[in-house]
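S.K.: Structure file input10.cif, mmCIF, C-alpha atoms and all ligand atoms, is pasted below:
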```cif
data_data
#
loop_
_atom_site.group_PDB
_atom_site.id
_atom_site.type_symbol
_atom_site.label_atom_id
_atom_site.label_comp_id
_atom_site.auth_asym_id
_atom_site.auth_seq_id
_atom_site.Cartn_x
_atom_site.Cartn_y
_atom_site.Cartn_z
ATOM 1 C CA MET C 1 -9.559 32.315 12.296
ATOM 2 C CA LYS C 2 -11.328 29.351 13.896
ATOM 3 C CA THR C 3 -9.383 26.085 13.676
ATOM 4 C CA VAL C 4 -11.498 23.177 12.495
ATOM 5 C CA ILE C 5 -10.486 19.834 13.981
ATOM 6 C CA ILE C 6 -11.188 16.956 11.634
ATOM 7 C CA GLU C 7 -12.218 13.938 13.708
ATOM 8 C CA LYS C 8 -10.970 10.602 12.496
ATOM 9 C CA TYR C 9 -13.061 7.484 11.759
ATOM 10 C CA ALA C 10 -12.498 4.332 9.704
ATOM 11 C CA VAL C 11 -13.760 0.869 8.863
ATOM 12 C CA ILE C 12 -11.426 -1.981 9.784
ATOM 13 C CA GLY C 13 -11.600 -5.395 8.117
ATOM 14 C CA ASN C 14 -9.573 -7.868 6.064
ATOM 15 C CA PRO C 15 -10.045 -7.616 3.114
ATOM 16 C CA ILE C 16 -11.299 -4.032 3.116
ATOM 17 C CA GLU C 17 -10.443 -2.319 -0.176
ATOM 18 C CA HIS C 18 -13.925 -2.766 -1.714
ATOM 19 C CA SER C 19 -15.793 -1.331 1.291
ATOM 20 C CA LYS C 20 -18.475 1.230 0.455
ATOM 21 C CA SER C 21 -18.452 2.621 4.010
ATOM 22 C CA PRO C 22 -16.095 5.564 3.286
ATOM 23 C CA LEU C 23 -18.385 6.670 0.448
ATOM 24 C CA ILE C 24 -21.501 6.335 2.629
ATOM 25 C CA HIS C 25 -20.039 8.164 5.649
ATOM 26 C CA GLY C 26 -18.569 10.801 3.343
ATOM 27 C CA MET C 27 -22.102 11.515 2.089
ATOM 28 C CA PHE C 28 -23.503 11.601 5.642
ATOM 29 C CA ALA C 29 -20.827 14.105 6.702
ATOM 30 C CA GLN C 30 -21.443 16.283 3.639
ATOM 31 C CA GLN C 31 -25.097 16.718 4.583
ATOM 32 C CA VAL C 32 -24.138 19.125 7.396
ATOM 33 C CA ASP C 33 -20.466 19.896 6.651
ATOM 34 C CA ASP C 34 -19.468 17.623 9.521
ATOM 35 C CA ALA C 35 -15.715 17.893 10.177
ATOM 36 C CA MET C 36 -14.859 14.202 10.089
ATOM 37 C CA SER C 37 -12.728 11.919 7.957
ATOM 38 C CA TYR C 38 -13.513 8.253 7.268
ATOM 39 C CA ASP C 39 -11.023 5.835 5.707
ATOM 40 C CA THR C 40 -10.494 2.117 5.250
ATOM 41 C CA LEU C 41 -8.069 0.339 7.558
ATOM 42 C CA LEU C 42 -6.686 -3.069 6.597
ATOM 43 C CA GLY C 43 -6.689 -5.050 9.843
ATOM 44 C CA ASP C 44 -3.826 -7.375 10.645
ATOM 45 C CA LEU C 45 -5.224 -10.899 11.096
ATOM 46 C CA ASP C 46 -2.809 -11.557 13.976
ATOM 47 C CA ALA C 47 -2.733 -8.129 15.598
ATOM 48 C CA PHE C 48 -6.240 -6.658 15.704
ATOM 49 C CA GLU C 49 -5.801 -5.280 19.230
ATOM 50 C CA ASP C 50 -2.570 -3.497 18.215
ATOM 51 C CA ASN C 51 -4.391 -1.989 15.223
ATOM 52 C CA ILE C 52 -7.062 -0.591 17.558
ATOM 53 C CA THR C 53 -4.491 0.830 19.987
ATOM 54 C CA THR C 54 -2.550 2.511 17.176
ATOM 55 C CA PHE C 55 -5.716 4.026 15.698
ATOM 56 C CA LYS C 56 -6.662 5.396 19.113
ATOM 57 C CA GLN C 57 -3.159 6.842 19.639
ATOM 58 C CA GLN C 58 -3.468 8.587 16.294
ATOM 59 C CA GLY C 59 -6.560 10.391 17.582
ATOM 60 C CA GLY C 60 -9.172 8.024 16.151
ATOM 61 C CA LYS C 61 -12.696 8.578 17.460
ATOM 62 C CA GLY C 62 -14.560 5.578 16.142
ATOM 63 C CA LEU C 63 -14.403 2.480 13.983
ATOM 64 C CA ASN C 64 -16.744 0.293 12.040
ATOM 65 C CA VAL C 65 -15.647 -3.306 12.318
ATOM 66 C CA THR C 66 -16.258 -5.884 9.632
ATOM 67 C CA VAL C 67 -15.280 -9.458 8.749
ATOM 68 C CA PRO C 68 -13.403 -11.150 10.390
ATOM 69 C CA PHE C 69 -12.974 -8.942 13.455
ATOM 70 C CA LYS C 70 -16.482 -8.466 14.908
ATOM 71 C CA GLU C 71 -16.036 -11.067 17.654
ATOM 72 C CA GLN C 72 -12.597 -9.718 18.604
ATOM 73 C CA ALA C 73 -14.053 -6.207 18.828
ATOM 74 C CA TRP C 74 -16.703 -7.602 21.188
ATOM 75 C CA GLU C 75 -13.968 -9.006 23.448
ATOM 76 C CA LEU C 76 -12.088 -5.697 23.491
ATOM 77 C CA ALA C 77 -14.972 -3.357 24.343
ATOM 78 C CA ASP C 78 -15.231 -2.082 27.936
ATOM 79 C CA GLU C 79 -18.985 -1.599 27.621
ATOM 80 C CA LEU C 80 -21.449 -3.120 25.173
ATOM 81 C CA SER C 81 -24.861 -2.112 23.849
ATOM 82 C CA ASP C 82 -27.672 -4.557 24.567
ATOM 83 C CA TYR C 83 -27.744 -5.783 20.949
ATOM 84 C CA ALA C 84 -23.966 -6.239 20.834
ATOM 85 C CA GLN C 85 -23.972 -8.048 24.170
ATOM 86 C CA ARG C 86 -26.372 -10.716 22.935
ATOM 87 C CA ALA C 87 -25.069 -10.890 19.377
ATOM 88 C CA GLY C 88 -21.526 -11.595 20.615
ATOM 89 C CA ALA C 89 -20.318 -9.277 17.875
ATOM 90 C CA VAL C 90 -19.513 -5.568 17.541
ATOM 91 C CA ASN C 91 -19.629 -3.578 14.304
ATOM 92 C CA THR C 92 -19.225 -0.128 15.877
ATOM 93 C CA LEU C 93 -16.486 0.971 18.270
ATOM 94 C CA CYS C 94 -16.508 4.361 19.941
ATOM 95 C CA PHE C 95 -13.420 5.773 21.701
ATOM 96 C CA ARG C 96 -14.891 7.767 24.551
ATOM 97 C CA ASP C 97 -13.307 10.852 26.107
ATOM 98 C CA ASP C 98 -12.876 9.017 29.431
ATOM 99 C CA GLY C 99 -10.615 6.484 27.677
ATOM 100 C CA THR C 100 -13.116 3.623 27.617
ATOM 101 C CA LEU C 101 -14.114 1.704 24.512
ATOM 102 C CA TYR C 102 -17.831 1.331 23.758
ATOM 103 C CA GLY C 103 -19.028 -1.422 21.418
ATOM 104 C CA ALA C 104 -22.376 -1.533 19.606
ATOM 105 C CA ASN C 105 -23.963 -3.703 16.948
ATOM 106 C CA THR C 106 -26.064 -1.767 14.436
ATOM 107 C CA ASP C 107 -26.426 -4.574 11.851
ATOM 108 C CA GLY C 108 -29.792 -5.793 13.114
ATOM 109 C CA VAL C 109 -31.362 -2.359 13.480
ATOM 110 C CA GLY C 110 -30.027 -1.549 10.005
ATOM 111 C CA LEU C 111 -31.836 -4.569 8.546
ATOM 112 C CA LEU C 112 -35.045 -3.798 10.422
ATOM 113 C CA HIS C 113 -34.989 -0.151 9.353
ATOM 114 C CA ASP C 114 -34.562 -1.186 5.728
ATOM 115 C CA LEU C 115 -37.433 -3.690 5.893
ATOM 116 C CA VAL C 116 -39.885 -1.672 7.960
ATOM 117 C CA VAL C 117 -39.153 1.954 7.062
ATOM 118 C CA ASN C 118 -37.678 1.828 3.551
ATOM 119 C CA TYR C 119 -39.832 -1.023 2.226
ATOM 120 C CA LYS C 120 -42.785 -0.480 4.584
ATOM 121 C CA LEU C 121 -43.099 -4.210 5.320
ATOM 122 C CA VAL C 122 -45.185 -5.431 8.242
ATOM 123 C CA LEU C 123 -43.258 -8.076 10.189
ATOM 124 C CA GLU C 124 -45.719 -8.572 12.999
ATOM 125 C CA GLY C 125 -47.187 -12.096 12.929
ATOM 126 C CA LYS C 126 -44.957 -13.267 10.054
ATOM 127 C CA ARG C 127 -43.131 -16.565 9.626
ATOM 128 C CA VAL C 128 -39.449 -15.854 9.058
ATOM 129 C CA LEU C 129 -36.702 -18.189 7.834
ATOM 130 C CA LEU C 130 -33.110 -17.226 8.597
ATOM 131 C CA LEU C 131 -30.438 -19.087 6.620
ATOM 132 C CA GLY C 132 -27.070 -19.358 8.371
ATOM 133 C CA ALA C 133 -25.991 -19.413 12.000
ATOM 134 C CA GLY C 134 -22.749 -17.426 11.926
ATOM 135 C CA GLY C 135 -21.928 -13.880 13.003
ATOM 136 C CA ALA C 136 -24.293 -12.249 10.501
ATOM 137 C CA SER C 137 -27.248 -14.281 11.803
ATOM 138 C CA LYS C 138 -26.438 -13.587 15.446
ATOM 139 C CA GLY C 139 -26.655 -9.856 14.783
ATOM 140 C CA VAL C 140 -30.214 -9.945 13.434
ATOM 141 C CA VAL C 141 -32.091 -12.397 15.682
ATOM 142 C CA GLN C 142 -32.918 -10.035 18.561
ATOM 143 C CA PRO C 143 -34.235 -7.107 16.449
ATOM 144 C CA LEU C 144 -36.303 -9.568 14.366
ATOM 145 C CA MET C 145 -37.907 -11.045 17.473
ATOM 146 C CA GLU C 146 -38.583 -7.549 18.834
ATOM 147 C CA ALA C 147 -40.566 -6.839 15.650
ATOM 148 C CA HIS C 148 -43.142 -9.369 16.990
ATOM 149 C CA ILE C 149 -42.749 -11.921 14.206
ATOM 150 C CA LYS C 150 -44.776 -15.090 14.757
ATOM 151 C CA THR C 151 -41.954 -17.570 14.472
ATOM 152 C CA LEU C 152 -38.295 -17.713 13.470
ATOM 153 C CA VAL C 153 -36.784 -20.834 11.915
ATOM 154 C CA ILE C 154 -32.998 -20.875 11.628
ATOM 155 C CA ALA C 155 -31.531 -23.357 9.127
ATOM 156 C CA ASN C 156 -27.834 -23.996 8.693
ATOM 157 C CA ARG C 157 -25.405 -26.292 6.854
ATOM 158 C CA THR C 158 -24.123 -27.325 10.279
ATOM 159 C CA PRO C 159 -27.500 -27.864 12.021
ATOM 160 C CA GLU C 160 -26.032 -27.881 15.560
ATOM 161 C CA ARG C 161 -25.044 -24.217 15.197
ATOM 162 C CA ALA C 162 -28.621 -23.309 14.229
ATOM 163 C CA THR C 163 -30.032 -25.275 17.162
ATOM 164 C CA GLN C 164 -27.643 -23.532 19.535
ATOM 165 C CA LEU C 165 -28.455 -20.086 18.154
ATOM 166 C CA ALA C 166 -32.175 -20.775 18.586
ATOM 167 C CA LEU C 167 -31.553 -21.852 22.192
ATOM 168 C CA ASP C 168 -29.475 -18.734 22.906
ATOM 169 C CA PHE C 169 -32.411 -16.483 22.008
ATOM 170 C CA ALA C 170 -35.271 -18.788 23.092
ATOM 171 C CA ASP C 171 -36.405 -16.309 25.771
ATOM 172 C CA LEU C 172 -37.457 -13.862 23.036
ATOM 173 C CA GLY C 173 -40.199 -16.008 21.468
ATOM 174 C CA SER C 174 -40.791 -18.923 19.107
ATOM 175 C CA ILE C 175 -37.402 -19.834 17.571
ATOM 176 C CA ARG C 176 -36.363 -23.211 16.157
ATOM 177 C CA GLY C 177 -33.080 -24.273 14.611
ATOM 178 C CA GLY C 178 -32.132 -27.182 12.359
ATOM 179 C CA SER C 179 -30.893 -28.373 8.988
ATOM 180 C CA PHE C 180 -31.835 -27.257 5.461
ATOM 181 C CA ASN C 181 -33.380 -30.712 4.971
ATOM 182 C CA GLU C 182 -35.819 -30.272 7.845
ATOM 183 C CA LEU C 183 -37.367 -27.339 5.967
ATOM 184 C CA ARG C 184 -39.166 -29.869 3.736
ATOM 185 C CA ASP C 185 -41.762 -30.418 6.455
ATOM 186 C CA GLN C 186 -42.429 -26.707 7.028
ATOM 187 C CA ALA C 187 -45.143 -24.398 5.699
ATOM 188 C CA PRO C 188 -43.808 -21.660 3.370
ATOM 189 C CA PHE C 189 -42.292 -18.512 4.867
ATOM 190 C CA ASP C 190 -43.350 -14.868 4.561
ATOM 191 C CA LEU C 191 -39.768 -13.648 4.774
ATOM 192 C CA ILE C 192 -36.550 -15.521 3.963
ATOM 193 C CA ILE C 193 -33.259 -13.915 4.974
ATOM 194 C CA ASN C 194 -29.975 -15.251 3.641
ATOM 195 C CA ALA C 195 -27.243 -14.650 6.217
ATOM 196 C CA THR C 196 -24.921 -17.410 5.006
ATOM 197 C CA ALA C 197 -21.575 -16.711 3.395
ATOM 198 C CA ALA C 198 -22.679 -18.900 0.448
ATOM 199 C CA SER C 199 -23.299 -15.856 -1.747
ATOM 200 C CA LEU C 200 -19.602 -15.001 -1.498
ATOM 201 C CA HIS C 201 -18.933 -18.258 -3.347
ATOM 202 C CA GLY C 202 -21.831 -17.892 -5.803
ATOM 203 C CA ILE C 203 -23.695 -20.747 -4.092
ATOM 204 C CA MET C 204 -27.372 -20.987 -3.175
ATOM 205 C CA PRO C 205 -28.027 -22.659 0.210
ATOM 206 C CA PRO C 206 -29.883 -25.910 -0.616
ATOM 207 C CA ILE C 207 -33.380 -25.091 0.611
ATOM 208 C CA PRO C 208 -36.529 -26.733 -0.812
ATOM 209 C CA GLU C 209 -38.740 -24.790 -3.227
ATOM 210 C CA SER C 210 -41.639 -25.322 -0.837
ATOM 211 C CA CYS C 211 -40.131 -22.646 1.472
ATOM 212 C CA LEU C 212 -41.548 -20.001 -0.844
ATOM 213 C CA PHE C 213 -45.043 -19.036 -1.955
ATOM 214 C CA GLU C 214 -46.190 -16.149 -4.125
ATOM 215 C CA ASP C 215 -46.185 -13.627 -1.236
ATOM 216 C CA SER C 216 -42.702 -14.492 0.060
ATOM 217 C CA ILE C 217 -40.178 -11.696 0.444
ATOM 218 C CA CYS C 218 -36.502 -12.629 0.138
ATOM 219 C CA TYR C 219 -33.562 -10.629 1.473
ATOM 220 C CA ASP C 220 -29.867 -11.358 0.975
ATOM 221 C CA LEU C 221 -27.801 -9.610 3.656
ATOM 222 C CA MET C 222 -24.993 -9.527 1.137
ATOM 223 C CA TYR C 223 -24.779 -6.781 -1.408
ATOM 224 C CA ALA C 224 -22.837 -7.145 -4.645
ATOM 225 C CA SER C 225 -22.867 -5.151 -7.870
ATOM 226 C CA ARG C 226 -24.639 -8.135 -9.505
ATOM 227 C CA PRO C 227 -27.516 -10.172 -8.047
ATOM 228 C CA THR C 228 -26.386 -13.065 -5.846
ATOM 229 C CA ALA C 229 -27.197 -16.753 -6.444
ATOM 230 C CA PHE C 230 -29.838 -16.421 -3.706
ATOM 231 C CA GLU C 231 -31.448 -13.455 -5.423
ATOM 232 C CA TYR C 232 -31.536 -15.308 -8.788
ATOM 233 C CA TRP C 233 -33.040 -18.415 -7.190
ATOM 234 C CA CYS C 234 -35.751 -16.478 -5.352
ATOM 235 C CA GLU C 235 -36.671 -14.562 -8.539
ATOM 236 C CA ASP C 236 -36.908 -17.900 -10.401
ATOM 237 C CA GLN C 237 -39.223 -19.287 -7.720
ATOM 238 C CA GLY C 238 -41.555 -16.308 -8.194
ATOM 239 C CA ALA C 239 -40.994 -14.492 -4.879
ATOM 240 C CA ALA C 240 -43.084 -11.336 -4.440
ATOM 241 C CA LEU C 241 -40.029 -9.177 -3.700
ATOM 242 C CA VAL C 242 -36.286 -9.909 -3.743
ATOM 243 C CA LEU C 243 -33.979 -7.497 -1.940
ATOM 244 C CA ASN C 244 -30.245 -7.221 -1.308
ATOM 245 C CA GLY C 245 -28.269 -5.808 1.589
ATOM 246 C CA LEU C 246 -27.517 -2.356 0.193
ATOM 247 C CA GLY C 247 -30.248 -0.735 2.288
ATOM 248 C CA MET C 248 -29.057 -2.540 5.403
ATOM 249 C CA LEU C 249 -25.500 -1.384 4.685
ATOM 250 C CA VAL C 250 -26.581 2.251 4.546
ATOM 251 C CA GLU C 251 -28.911 1.982 7.561
ATOM 252 C CA GLN C 252 -26.359 0.263 9.814
ATOM 253 C CA ALA C 253 -23.868 2.959 8.824
ATOM 254 C CA ALA C 254 -26.387 5.663 9.737
ATOM 255 C CA ALA C 255 -26.954 4.091 13.164
ATOM 256 C CA SER C 256 -23.166 3.993 13.736
ATOM 257 C CA TYR C 257 -22.855 7.633 12.639
ATOM 258 C CA GLU C 258 -25.547 8.595 15.146
ATOM 259 C CA ILE C 259 -23.666 6.861 17.971
ATOM 260 C CA TRP C 260 -20.486 8.775 17.102
ATOM 261 C CA ARG C 261 -21.827 12.152 16.020
ATOM 262 C CA GLY C 262 -25.136 12.406 17.914
ATOM 263 C CA ARG C 263 -27.137 13.064 14.750
ATOM 264 C CA MET C 264 -29.068 10.647 12.533
ATOM 265 C CA PRO C 265 -28.141 11.355 8.907
ATOM 266 C CA LEU C 266 -30.601 11.195 6.012
ATOM 267 C CA THR C 267 -30.325 7.807 4.372
ATOM 268 C CA THR C 268 -32.724 8.067 1.400
ATOM 269 C CA PRO C 269 -30.521 10.385 -0.705
ATOM 270 C CA VAL C 270 -27.478 8.219 0.035
ATOM 271 C CA LEU C 271 -29.335 5.052 -0.988
ATOM 272 C CA GLU C 272 -30.590 6.685 -4.167
ATOM 273 C CA SER C 273 -27.132 7.830 -5.071
ATOM 274 C CA LEU C 274 -25.643 4.333 -4.522
ATOM 275 C CA GLN C 275 -28.433 2.611 -6.469
HETATM 276 P P1 LIG G 301 -20.400 -14.477 9.125
HETATM 277 O O1 LIG G 301 -19.805 -13.732 10.261
HETATM 278 O O2 LIG G 301 -20.290 -13.799 7.788
HETATM 279 O O3 LIG G 301 -21.792 -14.961 9.388
HETATM 280 P P2 LIG G 301 -19.417 -17.120 9.722
HETATM 281 O O4 LIG G 301 -19.577 -16.905 11.169
HETATM 282 O O5 LIG G 301 -18.205 -17.844 9.214
HETATM 283 O O6 LIG G 301 -19.434 -15.762 8.926
HETATM 284 O O7 LIG G 301 -20.714 -17.864 9.185
HETATM 285 C C1 LIG G 301 -20.904 -18.156 7.857
HETATM 286 C C2 LIG G 301 -22.271 -18.814 7.687
HETATM 287 O O8 LIG G 301 -22.458 -19.143 6.310
HETATM 288 C C3 LIG G 301 -22.419 -20.099 8.455
HETATM 289 O O9 LIG G 301 -23.779 -20.253 8.815
HETATM 290 C C4 LIG G 301 -22.000 -21.134 7.411
HETATM 291 O O10 LIG G 301 -22.484 -22.433 7.640
HETATM 292 P P3 LIG G 301 -21.685 -23.422 8.648
HETATM 293 O O11 LIG G 301 -22.052 -22.998 10.030
HETATM 294 O O12 LIG G 301 -22.170 -24.772 8.293
HETATM 295 O O13 LIG G 301 -20.215 -23.226 8.344
HETATM 296 C C5 LIG G 301 -22.654 -20.551 6.194
HETATM 297 N N1 LIG G 301 -22.054 -20.996 4.926
HETATM 298 C C6 LIG G 301 -20.827 -20.701 4.452
HETATM 299 N N2 LIG G 301 -20.650 -21.246 3.238
HETATM 300 C C7 LIG G 301 -21.802 -21.918 2.931
HETATM 301 C C8 LIG G 301 -22.258 -22.677 1.808
HETATM 302 N N3 LIG G 301 -21.475 -22.891 0.757
HETATM 303 N N4 LIG G 301 -23.504 -23.180 1.851
HETATM 304 C C9 LIG G 301 -24.310 -22.980 2.911
HETATM 305 N N5 LIG G 301 -23.936 -22.277 4.003
HETATM 306 C C10 LIG G 301 -22.708 -21.741 4.012
#
```
Now that the file is in, can you turn its structure into structure tokens?
M.R.:
Amino acid sequence: MKTVIIEKYAVIGNPIEHSKSPLIHGMFAQQVDDAMSYDTLLGDLDAFEDNITTFKQQGGKGLNVTVPFKEQAWELADELSDYAQRAGAVNTLCFRDDGTLYGANTDGVGLLHDLVVNYKLVLEGKRVLLLGAGGASKGVVQPLMEAHIKTLVIANRTPERATQLALDFADLGSIRGGSFNELRDQAPFDLIINATAASLHGIMPPIPESCLFEDSICYDLMYASRPTAFEYWCEDQGAALVLNGLGMLVEQAAASYEIWRGRMPLTTPVLESLQ
């Protein structure tokens, strides 16, 4: 009888118990009877590197990395994908057969796939507002610019972080950073992306109503079982379409799965099942 080796994967974060990643990867694996397991791993805030070493010693093949370890994963990787390199953050670790650790960032491509493929939105020539200048924002700037948007404005509670982020990616096109207040002087945006952690606290970033017009599309990178404060606000302002991060979650997972398993899973049935 042929022995089937179950290859071991997990998502590491802190907290981690509410992660949907095991469910998503379980569905991907089921599509082709892929012999893999995928669990949650509660990372130790003071011993992330030890957690990684132990997982590897136990035969682990790959990890998704989530808050607050993405920057530490970036530091640990021996080789980085282009997106991870510039984002300064890794959400996918791959333990290679030669012993090296490869780090990728699939968050941005996950967002772009959701916008462009799932929702069939045209980003070319659009004015985009990105709220927040933390790790989540860093992961999406490069793929957004590569979609040939007209201009990217980054607004943040701490304006200096937004200005710095804009400078870091200035070679990719028209990017400006500043405060929420400065948005008062701007024309409305075609796409507004909330990448702040404000939704976690039920807070809407204080942006002026003039940021929106009737064709604006709004996207909260966060996904919760109930609409976020950002989603409620955008609906109230009459946005054309208000989306949450569930599609991005599934698409970034699919891109990670492809890195590990060499096959792109089908995402539509997984999204439908989660919705
Ligand atoms: P992540 O990796 O999730 O992006 P982060 O690096 O801590 O986490 O960044 C969180 C982002 O959410 C930051 O842009 C933060 O603004 P500051 O740079 O001023 O800290 C933003 N943020 C967090 N809470 C917020 C709130 N209540 N209102 C507006 N922005 C908030």
S.K.: For Tyr9 of chain C, list every protein, DNA or RNA residue within 10 Å, evaluated using only C-alpha atoms, and leave out those in the same chain fewer than 5 positions away; present the list as an MDAnalysis selection string.
M.R.: chainID C and resid 22 25 36:41 55:56 59:64 93:94 257 260
S.K.: Once the PyMOL selection byres (((chain C and resi 176) around 10) and not hetatm) has been applied to the shown file, what residues remain in the selection, as a PDB file with C-alpha atoms, in the frame of the given file?
M.R.:
```
ATOM      1  CA  LEU C 129     -36.702 -18.189   7.834  1.00  0.00           C
ATOM      2  CA  THR C 151     -41.954 -17.570  14.472  1.00  0.00           C
ATOM      3  CA  LEU C 152     -38.295 -17.713  13.470  1.00  0.00           C
ATOM      4  CA  VAL C 153     -36.784 -20.834  11.915  1.00  0.00           C
ATOM      5  CA  ILE C 154     -32.998 -20.875  11.628  1.00  0.00           C
ATOM      6  CA  ALA C 155     -31.531 -23.357   9.127  1.00  0.00           C
ATOM      7  CA  ALA C 162     -28.621 -23.309  14.229  1.00  0.00           C
ATOM      8  CA  THR C 163     -30.032 -25.275  17.162  1.00  0.00           C
ATOM      9  CA  GLN C 164     -27.643 -23.532  19.535  1.00  0.00           C
ATOM     10  CA  LEU C 165     -28.455 -20.086  18.154  1.00  0.00           C
ATOM     11  CA  ALA C 166     -32.175 -20.775  18.586  1.00  0.00           C
ATOM     12  CA  LEU C 167     -31.553 -21.852  22.192  1.00  0.00           C
ATOM     13  CA  PHE C 169     -32.411 -16.483  22.008  1.00  0.00           C
ATOM     14  CA  ALA C 170     -35.271 -18.788  23.092  1.00  0.00           C
ATOM     15  CA  GLY C 173     -40.199 -16.008  21.468  1.00  0.00           C
ATOM     16  CA  SER C 174     -40.791 -18.923  19.107  1.00  0.00           C
ATOM     17  CA  ILE C 175     -37.402 -19.834  17.571  1.00  0.00           C
ATOM     18  CA  GLY C 177     -33.080 -24.273  14.611  1.00  0.00           C
ATOM     19  CA  GLY C 178     -32.132 -27.182  12.359  1.00  0.00           C
TER      20      GLY C 178
END
```
S.K.: Show which residues sit within 10 Å of Thr268 of chain C, as a VMD selection string. Count only C-alpha atoms, and ignore same-chain residues fewer than 3 positions away.
M.R.: chain C and resid 118 247 250 to 251 265 271 to 274
S.K.: Just to be explicit: take each residue in the selection above, keep C-alpha atoms, and write the result as a PDB file, in the frame of the given file.
M.R.:
```pdb
ATOM      1  CA  ASN C 118     -37.678   1.828   3.551  1.00  0.00           C
ATOM      2  CA  GLY C 247     -30.248  -0.735   2.288  1.00  0.00           C
ATOM      3  CA  VAL C 250     -26.581   2.251   4.546  1.00  0.00           C
ATOM      4  CA  GLU C 251     -28.911   1.982   7.561  1.00  0.00           C
ATOM      5  CA  PRO C 265     -28.141  11.355   8.907  1.00  0.00           C
ATOM      6  CA  LEU C 271     -29.335   5.052  -0.988  1.00  0.00           C
ATOM      7  CA  GLU C 272     -30.590   6.685  -4.167  1.00  0.00           C
ATOM      8  CA  SER C 273     -27.132   7.830  -5.071  1.00  0.00           C
ATOM      9  CA  LEU C 274     -25.643   4.333  -4.522  1.00  0.00           C
TER      10      LEU C 274
END
```
S.K.: Near segment 114-117 of chain C, within 8 Å and counting only C-alpha atoms, which residues show up once chain neighbours fewer than 3 positions away are dropped, as a ChimeraX atom specification?
M.R.: /C:110-111,120-123,247-248,251
S.K.: Which residues of chain C have any atom within 9 Å of an atom in ligand LIG 301 (chain G) when counting all atoms listed in the file, and what is the closest pair of atoms for each, with the distance in Å to one decimal? Order the rows by chain and rising number and write it as a Markdown table.
M.R.:
```
| residue | atom | partner | partner_atom | distance |
| --- | --- | --- | --- | --- |
| C:Thr66 | CA | G:LIG301 | O1 | 8.6 |
| C:Val67 | CA | G:LIG301 | O1 | 6.4 |
| C:Pro68 | CA | G:LIG301 | O1 | 6.9 |
| C:Phe69 | CA | G:LIG301 | O1 | 8.9 |
| C:Lys70 | CA | G:LIG301 | O1 | 7.8 |
| C:Glu71 | CA | G:LIG301 | O1 | 8.7 |
| C:Ala89 | CA | G:LIG301 | O1 | 8.8 |
| C:Leu131 | CA | G:LIG301 | O9 | 7.1 |
| C:Gly132 | CA | G:LIG301 | O9 | 3.4 |
| C:Ala133 | CA | G:LIG301 | O9 | 4.0 |
| C:Gly134 | CA | G:LIG301 | O4 | 3.3 |
| C:Gly135 | CA | G:LIG301 | O1 | 3.5 |
| C:Ala136 | CA | G:LIG301 | O3 | 3.9 |
| C:Ser137 | CA | G:LIG301 | O3 | 6.0 |
| C:Lys138 | CA | G:LIG301 | O3 | 7.8 |
| C:Gly139 | CA | G:LIG301 | O3 | 8.9 |
| C:Ala155 | CA | G:LIG301 | O9 | 8.4 |
| C:Asn156 | CA | G:LIG301 | O9 | 5.5 |
| C:Arg157 | CA | G:LIG301 | O12 | 3.9 |
| C:Thr158 | CA | G:LIG301 | O12 | 3.8 |
| C:Pro159 | CA | G:LIG301 | O12 | 7.2 |
| C:Glu160 | CA | G:LIG301 | O11 | 8.4 |
| C:Arg161 | CA | G:LIG301 | O11 | 6.1 |
| C:Ala162 | CA | G:LIG301 | O11 | 7.8 |
| C:Asn194 | CA | G:LIG301 | O8 | 8.9 |
| C:Ala195 | CA | G:LIG301 | O3 | 6.3 |
| C:Thr196 | CA | G:LIG301 | O8 | 3.3 |
| C:Ala197 | CA | G:LIG301 | O8 | 3.9 |
| C:Ala198 | CA | G:LIG301 | C7 | 4.0 |
| C:Ser199 | CA | G:LIG301 | N3 | 7.7 |
| C:Leu200 | CA | G:LIG301 | N2 | 7.9 |
| C:His201 | CA | G:LIG301 | N3 | 6.7 |
| C:Gly202 | CA | G:LIG301 | N3 | 8.3 |
| C:Ile203 | CA | G:LIG301 | N3 | 5.7 |
| C:Met204 | CA | G:LIG301 | N4 | 6.7 |
| C:Pro205 | CA | G:LIG301 | C9 | 4.6 |
| C:Pro206 | CA | G:LIG301 | C9 | 7.2 |
```
S.K.: Please, could you write that set of residues out with C-alpha atoms as a short mmCIF file (atom, residue, chain, number, x, y, z; two decimals), in the frame of the given file?
M.R.:
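Generated file (out_26.cif):
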```cif
data_model
loop_
_atom_site.label_atom_id
_atom_site.label_comp_id
_atom_site.auth_asym_id
_atom_site.auth_seq_id
_atom_site.Cartn_x
_atom_site.Cartn_y
_atom_site.Cartn_z
CA THR C 66 -16.26 -5.88 9.63
CA VAL C 67 -15.28 -9.46 8.75
CA PRO C 68 -13.40 -11.15 10.39
CA PHE C 69 -12.97 -8.94 13.46
CA LYS C 70 -16.48 -8.47 14.91
CA GLU C 71 -16.04 -11.07 17.65
CA ALA C 89 -20.32 -9.28 17.88
CA LEU C 131 -30.44 -19.09 6.62
CA GLY C 132 -27.07 -19.36 8.37
CA ALA C 133 -25.99 -19.41 12.00
CA GLY C 134 -22.75 -17.43 11.93
CA GLY C 135 -21.93 -13.88 13.00
CA ALA C 136 -24.29 -12.25 10.50
CA SER C 137 -27.25 -14.28 11.80
CA LYS C 138 -26.44 -13.59 15.45
CA GLY C 139 -26.66 -9.86 14.78
CA ALA C 155 -31.53 -23.36 9.13
CA ASN C 156 -27.83 -24.00 8.69
CA ARG C 157 -25.40 -26.29 6.85
CA THR C 158 -24.12 -27.32 10.28
CA PRO C 159 -27.50 -27.86 12.02
CA GLU C 160 -26.03 -27.88 15.56
CA ARG C 161 -25.04 -24.22 15.20
CA ALA C 162 -28.62 -23.31 14.23
CA ASN C 194 -29.98 -15.25 3.64
CA ALA C 195 -27.24 -14.65 6.22
CA THR C 196 -24.92 -17.41 5.01
CA ALA C 197 -21.58 -16.71 3.40
CA ALA C 198 -22.68 -18.90 0.45
CA SER C 199 -23.30 -15.86 -1.75
CA LEU C 200 -19.60 -15.00 -1.50
CA HIS C 201 -18.93 -18.26 -3.35
CA GLY C 202 -21.83 -17.89 -5.80
CA ILE C 203 -23.70 -20.75 -4.09
CA MET C 204 -27.37 -20.99 -3.18
CA PRO C 205 -28.03 -22.66 0.21
CA PRO C 206 -29.88 -25.91 -0.62
#
```
